[in-house]
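Next up, upload22.cif (mmCIF, C-alpha atoms):
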data_input
loop_
_atom_site.label_atom_id
_atom_site.label_comp_id
_atom_site.auth_asym_id
_atom_site.auth_seq_id
_atom_site.Cartn_x
_atom_site.Cartn_y
_atom_site.Cartn_z
CA MET A 262 79.93 98.11 75.24
CA ASN A 263 82.63 99.68 77.38
CA GLY A 264 83.86 103.25 77.06
CA THR A 265 82.84 106.09 74.79
CA PRO A 266 82.29 105.75 71.03
CA ALA A 267 85.44 104.90 69.09
CA PRO A 268 87.16 107.75 67.24
CA GLU A 269 87.41 107.73 63.48
CA ALA A 270 90.36 105.80 62.12
CA ASP A 271 92.96 108.48 61.40
CA GLY A 272 96.32 106.75 61.70
CA ARG A 273 96.94 107.79 65.31
CA ARG A 274 98.72 105.27 67.46
CA VAL A 275 96.57 103.03 69.62
CA VAL A 276 97.92 102.32 73.10
CA LEU A 277 96.65 99.86 75.69
CA VAL A 278 97.66 100.44 79.33
CA THR A 279 96.69 97.63 81.69
CA GLY A 280 95.82 98.82 85.17
CA GLY A 281 95.72 102.31 83.69
CA THR A 282 92.92 103.77 85.78
CA ARG A 283 94.91 105.12 88.74
CA GLY A 284 98.41 105.71 90.12
CA VAL A 285 101.32 104.90 87.83
CA GLY A 286 99.03 103.48 85.14
CA ALA A 287 97.00 106.69 84.93
CA GLY A 288 100.23 108.70 84.68
CA ILE A 289 101.34 106.52 81.78
CA ALA A 290 97.96 106.88 80.06
CA ARG A 291 98.09 110.68 80.42
CA ALA A 292 101.57 110.83 78.92
CA PHE A 293 100.43 108.92 75.83
CA LEU A 294 97.32 111.08 75.56
CA ARG A 295 99.58 114.14 75.39
CA THR A 296 101.24 112.63 72.30
CA GLY A 297 97.85 112.49 70.56
CA ALA A 298 97.50 108.72 70.82
CA ASP A 299 94.20 106.91 71.27
CA VAL A 300 94.57 105.34 74.72
CA VAL A 301 92.58 102.47 76.20
CA VAL A 302 92.91 101.64 79.89
CA CYS A 303 91.66 98.37 81.29
CA ALA A 304 91.14 97.22 84.87
CA ARG A 305 88.58 95.42 86.96
CA ARG A 306 87.14 98.67 88.31
CA PRO A 307 86.50 101.94 86.44
CA PRO A 308 88.56 105.02 87.33
CA ASP A 309 87.25 107.41 89.98
CA GLY A 310 87.22 110.08 87.28
CA PRO A 311 88.18 110.35 83.61
CA VAL A 312 91.82 109.67 82.79
CA ALA A 313 92.47 112.73 80.66
CA ALA A 314 95.22 115.05 79.42
CA ALA A 315 95.66 117.64 76.66
CA GLY A 316 91.94 117.69 75.95
CA ARG A 317 91.85 113.93 75.32
CA THR A 318 90.35 111.16 77.43
CA ALA A 319 91.31 107.52 77.67
CA ARG A 320 88.63 104.95 77.02
CA PHE A 321 87.97 102.47 79.80
CA HIS A 322 87.43 98.77 79.17
CA SER A 323 86.49 96.54 82.08
CA ALA A 324 88.46 93.30 82.36
CA ASP A 325 89.87 90.95 84.98
CA LEU A 326 93.10 90.05 83.23
CA ARG A 327 93.58 86.99 85.42
CA GLU A 328 90.82 85.35 83.37
CA THR A 329 91.89 83.91 80.01
CA VAL A 330 88.52 84.63 78.39
CA ALA A 331 88.67 88.26 79.55
CA VAL A 332 92.14 88.73 78.05
CA GLN A 333 91.02 87.39 74.68
CA GLU A 334 87.90 89.57 74.78
CA VAL A 335 89.97 92.73 75.30
CA PHE A 336 91.93 92.13 72.11
CA SER A 337 88.90 91.07 70.09
CA TRP A 338 87.29 94.36 71.17
CA LEU A 339 90.42 96.36 70.25
CA ALA A 340 90.56 94.72 66.82
CA ALA A 341 86.90 95.50 66.20
CA GLU A 342 87.05 99.08 67.50
CA TYR A 343 90.42 100.21 66.13
CA GLY A 344 91.73 97.49 63.82
CA ARG A 345 95.23 97.97 65.25
CA LEU A 346 97.42 98.13 68.34
CA ASP A 347 100.73 99.96 68.36
CA VAL A 348 101.79 99.91 72.00
CA LEU A 349 101.06 97.65 74.96
CA VAL A 350 102.05 98.80 78.44
CA ASN A 351 101.89 95.94 80.95
CA ASN A 352 101.34 97.96 84.11
CA ALA A 353 98.71 95.95 86.02
CA GLY A 354 100.16 94.51 89.21
CA GLY A 355 100.95 95.20 92.81
CA THR A 356 100.99 93.51 96.19
CA PRO A 357 100.14 94.06 99.84
CA HIS A 358 102.99 94.17 102.35
CA ARG A 359 103.11 90.63 103.71
CA PRO A 360 106.04 88.70 105.25
CA LEU A 361 106.55 85.29 103.69
CA ASP A 362 105.34 83.37 106.73
CA ALA A 363 102.26 85.58 107.14
CA ALA A 364 100.41 83.98 104.22
CA ASP A 365 99.91 80.57 102.70
CA PRO A 366 101.38 79.60 99.32
CA ALA A 367 98.10 80.25 97.51
CA ARG A 368 98.16 83.94 98.44
CA HIS A 369 101.74 84.30 97.28
CA ALA A 370 100.83 82.45 94.07
CA ARG A 371 98.15 85.05 93.32
CA VAL A 372 100.79 87.79 93.56
CA LEU A 373 103.01 85.86 91.15
CA GLU A 374 100.06 85.39 88.81
CA LEU A 375 99.13 89.06 88.68
CA ASN A 376 102.67 90.39 88.29
CA LEU A 377 104.19 87.76 85.98
CA LEU A 378 101.66 85.43 84.39
CA VAL A 379 99.19 88.19 83.51
CA PRO A 380 101.79 90.24 81.55
CA LEU A 381 102.82 87.03 79.76
CA ALA A 382 99.22 86.18 78.83
CA VAL A 383 98.41 89.75 77.77
CA SER A 384 101.56 90.00 75.64
CA LEU A 385 100.76 86.72 73.87
CA ALA A 386 97.23 87.91 73.15
CA ALA A 387 98.52 91.29 71.90
CA ARG A 388 101.18 89.81 69.63
CA PRO A 389 99.05 89.36 66.47
CA LEU A 390 97.94 93.00 66.48
CA LEU A 391 101.41 94.32 67.34
CA ARG A 392 103.01 92.04 64.74
CA ALA A 393 100.70 93.43 62.06
CA ARG A 394 102.17 96.93 62.30
CA PRO A 395 104.22 97.70 59.17
CA GLY A 396 107.97 98.00 59.51
CA PRO A 397 110.51 96.51 61.91
CA GLY A 398 109.99 97.45 65.54
CA ALA A 399 106.68 99.15 64.79
CA GLY A 400 104.94 97.32 67.63
CA ALA A 401 106.17 98.01 71.15
CA ILE A 402 105.66 96.42 74.55
CA VAL A 403 106.69 98.22 77.73
CA MET A 404 106.81 96.15 80.90
CA ILE A 405 106.51 97.98 84.21
CA GLY A 406 109.10 96.42 86.47
CA SER A 407 110.45 97.35 89.88
CA VAL A 408 113.70 97.66 91.79
CA SER A 409 112.11 95.01 94.03
CA GLY A 410 113.09 92.55 91.32
CA THR A 411 116.76 93.55 91.49
CA ARG A 412 117.42 93.26 95.23
CA PRO A 413 116.02 91.51 98.31
CA SER A 414 112.37 92.43 98.79
CA PRO A 415 111.42 91.76 102.44
CA GLY A 416 107.69 91.98 102.99
CA THR A 417 107.01 91.62 99.26
CA ALA A 418 108.99 88.52 98.38
CA ALA A 419 106.56 87.09 95.83
CA TYR A 420 106.26 90.48 94.16
CA GLY A 421 110.04 90.87 93.93
CA ALA A 422 110.37 87.36 92.50
CA ALA A 423 107.67 88.11 89.93
CA LYS A 424 109.34 91.37 88.86
CA ALA A 425 112.69 89.59 88.52
CA GLY A 426 110.98 87.04 86.31
CA LEU A 427 109.25 89.80 84.33
CA ALA A 428 112.61 91.38 83.47
CA ASN A 429 113.90 88.06 82.16
CA LEU A 430 110.67 87.42 80.28
CA ALA A 431 110.95 90.80 78.56
CA ARG A 432 114.55 90.18 77.48
CA THR A 433 113.63 86.77 76.07
CA MET A 434 110.52 88.11 74.38
CA ALA A 435 112.62 90.85 72.79
CA VAL A 436 114.84 88.21 71.17
CA GLU A 437 112.06 85.87 70.07
CA TRP A 438 109.79 88.58 68.65
CA ALA A 439 112.44 90.71 66.98
CA PRO A 440 112.60 92.56 64.69
CA HIS A 441 108.87 93.24 64.47
CA ILE A 442 108.07 93.89 68.14
CA ARG A 443 110.33 95.74 70.58
CA VAL A 444 110.10 94.79 74.26
CA ASN A 445 111.60 96.86 77.06
CA THR A 446 111.17 97.26 80.81
CA LEU A 447 110.90 100.32 83.02
CA VAL A 448 112.49 99.43 86.36
CA LEU A 449 110.75 101.71 88.84
CA GLY A 450 111.72 102.94 92.25
CA MET A 451 109.24 104.62 94.57
CA VAL A 452 106.48 106.68 92.99
CA ALA A 453 104.30 109.34 94.64
CA THR A 454 100.93 107.71 94.08
CA PRO A 455 97.87 108.14 96.30
CA ALA A 456 98.51 104.62 97.62
CA ALA A 457 102.11 105.52 98.52
CA ARG A 458 100.94 108.72 100.21
CA ALA A 459 98.50 106.73 102.36
CA HIS A 460 101.10 104.04 103.11
CA TYR A 461 103.75 106.51 104.26
CA GLY A 462 101.44 108.68 106.36
CA GLY A 463 100.54 111.58 104.09
CA ASP A 464 102.61 114.34 102.54
CA ALA A 465 105.05 114.60 105.44
CA GLY A 466 105.78 110.88 105.35
CA LEU A 467 106.13 110.95 101.60
CA ALA A 468 108.63 113.82 101.83
CA ALA A 469 110.62 112.01 104.52
CA VAL A 470 110.86 108.88 102.38
CA GLY A 471 111.76 111.02 99.36
CA ARG A 472 114.77 112.42 101.22
CA THR A 473 116.26 108.92 101.27
CA VAL A 474 116.42 108.94 97.46
CA PRO A 475 119.47 110.61 95.86
CA ALA A 476 117.14 112.75 93.72
CA GLY A 477 115.56 114.03 96.93
CA ARG A 478 111.99 113.02 96.11
CA LEU A 479 109.80 110.26 94.75
CA ALA A 480 108.91 110.08 91.07
CA GLU A 481 105.61 111.48 89.87
CA PRO A 482 103.33 109.10 87.90
CA ASP A 483 103.47 111.32 84.82
CA GLU A 484 107.29 111.14 84.84
CA ILE A 485 107.00 107.38 84.58
CA GLY A 486 104.65 107.99 81.69
CA GLU A 487 107.19 110.13 79.84
CA ALA A 488 109.76 107.33 80.13
CA ALA A 489 107.22 104.85 78.76
CA VAL A 490 106.44 107.17 75.84
CA PHE A 491 110.14 107.34 75.01
CA LEU A 492 110.65 103.57 75.01
CA ALA A 493 107.60 103.12 72.77
CA SER A 494 108.61 105.90 70.37
CA ASP A 495 110.55 105.92 67.11
CA ARG A 496 113.36 107.69 68.99
CA ALA A 497 113.96 104.36 70.72
CA ALA A 498 113.75 102.33 67.52
CA TYR A 499 117.03 100.51 68.22
CA ILE A 500 116.28 99.86 71.90
CA THR A 501 114.86 96.43 72.69
CA GLY A 502 115.52 93.98 75.49
CA ALA A 503 116.59 96.85 77.73
CA GLY A 504 115.77 97.75 81.32
CA LEU A 505 115.61 101.50 82.00
CA LEU A 506 116.10 102.42 85.66
CA VAL A 507 113.69 105.16 86.71
CA HIS A 508 114.48 105.40 90.40
CA GLY A 509 116.01 108.80 91.11
CA GLY A 510 119.45 107.32 91.70
CA GLY A 511 118.25 104.33 93.67
CA GLU A 512 118.94 103.79 97.33
CA ALA A 513 122.01 105.03 99.14
CA PRO A 514 123.78 102.10 100.87
CA ALA A 515 122.66 101.76 104.49
CA PHE A 516 126.27 101.63 105.71
CA LEU A 517 126.78 105.23 104.57
CA ALA A 518 123.96 106.47 106.78
CA ALA A 519 125.28 104.38 109.65
CA ALA A 520 128.80 105.70 109.18
CA HIS A 521 127.72 109.33 108.97
CA GLY A 522 125.39 108.92 111.92
CA GLY A 523 128.20 107.53 114.00
CA MET A 524 130.69 110.26 113.10
CA THR A 525 131.37 113.13 115.49
#
Can you give me the file's structure in the form of structure tokens?
Amino acid sequence: MNGTPAPEADGRRVVLVTGGTRGVGAGIARAFLRTGADVVVCARRPPDGPVAAAGRTARFHSADLRETVAVQEVFSWLAAEYGRLDVLVNNAGGTPHRPLDAADPARHARVLELNLLVPLAVSLAARPLLRARPGPGAGAIVMIGSVSGTRPSPGTAAYGAAKAGLANLARTMAVEWAPHIRVNTLVLGMVATPAARAHYGGDAGLAAVGRTVPAGRLAEPDEIGEAAVFLASDRAAYITGAGLLVHGGGEAPAFLAAAHGGMT
């Protein structure tokens, strides 16, 4: 048995966040906890500490979502524990920085698998529970995409390709599964996670990178969570097949910096 004892059935929404134990996923889980939802986070490894907010704690369920049997087991467990699923957030993913010619095709294929095939498999397994929610659009899927899927992605080519495919998958899924299940994508820019802080050389590096964003900083994980809560909520009942940019204004064109730097 994974996690703490299941709460009594009380009509609260049940939310599953894949990869919800740290970083962006933990921020998403905390945002849903603040709404009063029952939140389950799944990943291969448990969180370093409880994922908690507003006096509530997410339940952890161990699973390697690259394994078909593990995916099916997650949803059998959810059905037995809660008897329902209202929201699926496909957040699990990521990639190391690796130029195309620095790895063999098998390594790139694993990145594609984690960032595209896993969300597809998880969504298919979640569909029966989401489809069972009463009323049109009562079940919601939120894909966690990336600006890497909208522009060239040097150093993370397979990841960018996977995120581009994920956006198309979500739009197609939204059409095929309407009107019962809504499917939308959050298209993320840079987020101030512990991994980003380490990658950019600590707080000073993170601040320097943040100054390149029109908003003047990187997003916080909990801000991503608030956007996910909105897309999954009744306030977004007519939004499906959409991609919501959460990137602080994106990236200023490089030629502007070059032009300003060259001006006297």
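At a cut-off of 12 Å from (101.7, 88.9, 63.3), the residue set is Arg345, Leu346, Leu385, Ala386, Ala387, Arg388, Pro389, Leu390, Leu391, Arg392, Ala393, Arg394, Pro395, Gly396, Pro397, Ala399, Gly400, Trp438, Ala439, Pro440, His441 and Ile442 of chain A (counting only C-alpha atoms).
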Written selection (C-alpha atoms) as a tab-separated table (two decimals), keeping the file's coordinate frame:
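The resulting file, result16.tsv, is shown below:
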chain	number	residue	atom	x	y	z
A	345	ARG	CA	95.23	97.97	65.25
A	346	LEU	CA	97.42	98.13	68.34
A	385	LEU	CA	100.76	86.72	73.87
A	386	ALA	CA	97.23	87.91	73.15
A	387	ALA	CA	98.52	91.29	71.90
A	388	ARG	CA	101.18	89.81	69.63
A	389	PRO	CA	99.05	89.36	66.47
A	390	LEU	CA	97.94	93.00	66.48
A	391	LEU	CA	101.41	94.32	67.34
A	392	ARG	CA	103.01	92.04	64.74
A	393	ALA	CA	100.70	93.43	62.06
A	394	ARG	CA	102.17	96.93	62.30
A	395	PRO	CA	104.22	97.70	59.17
A	396	GLY	CA	107.97	98.00	59.51
A	397	PRO	CA	110.51	96.51	61.91
A	399	ALA	CA	106.68	99.15	64.79
A	400	GLY	CA	104.94	97.32	67.63
A	438	TRP	CA	109.79	88.58	68.65
A	439	ALA	CA	112.44	90.71	66.98
A	440	PRO	CA	112.60	92.56	64.69
A	441	HIS	CA	108.87	93.24	64.47
A	442	ILE	CA	108.07	93.89	68.14
With all atoms listed in the file as the basis for distance, which of A:Leu506, A:Val302, A:Leu339, A:Ala370 is at the shortest distance from Ser409 of chain A? A:Leu506
Residue nearest Pro455 of chain A among A:Gln333, A:Ala520, A:Val403, A:Leu467 (counting all atoms listed in the file):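 Comparing A:Gln333, A:Ala520, A:Val403, A:Leu467 against Pro455 of chain A, the winner is A:Leu467.
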Please enumerate the residues selected by the PyMOL selection byres ((chain A and resi 446-448) around 7) when evaluated against the supplied file, formatted as a list in words.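 Selected by the PyMOL selection byres ((chain A and resi 446-448) around 7) in this file: Val403, Met404, Ile405, Gly406, Ser407, Val408, Ala428, Ala431, Asn445, Leu449, Gly450, Ala503, Gly504, Leu505, Leu506 and Val507 of chain A.
Closest approach to Ala489 of chain A from the set A:Met434, A:Val470, A:Val285, A:Ala319 is made by A:Val285, with distances taken over all atoms listed in the file.
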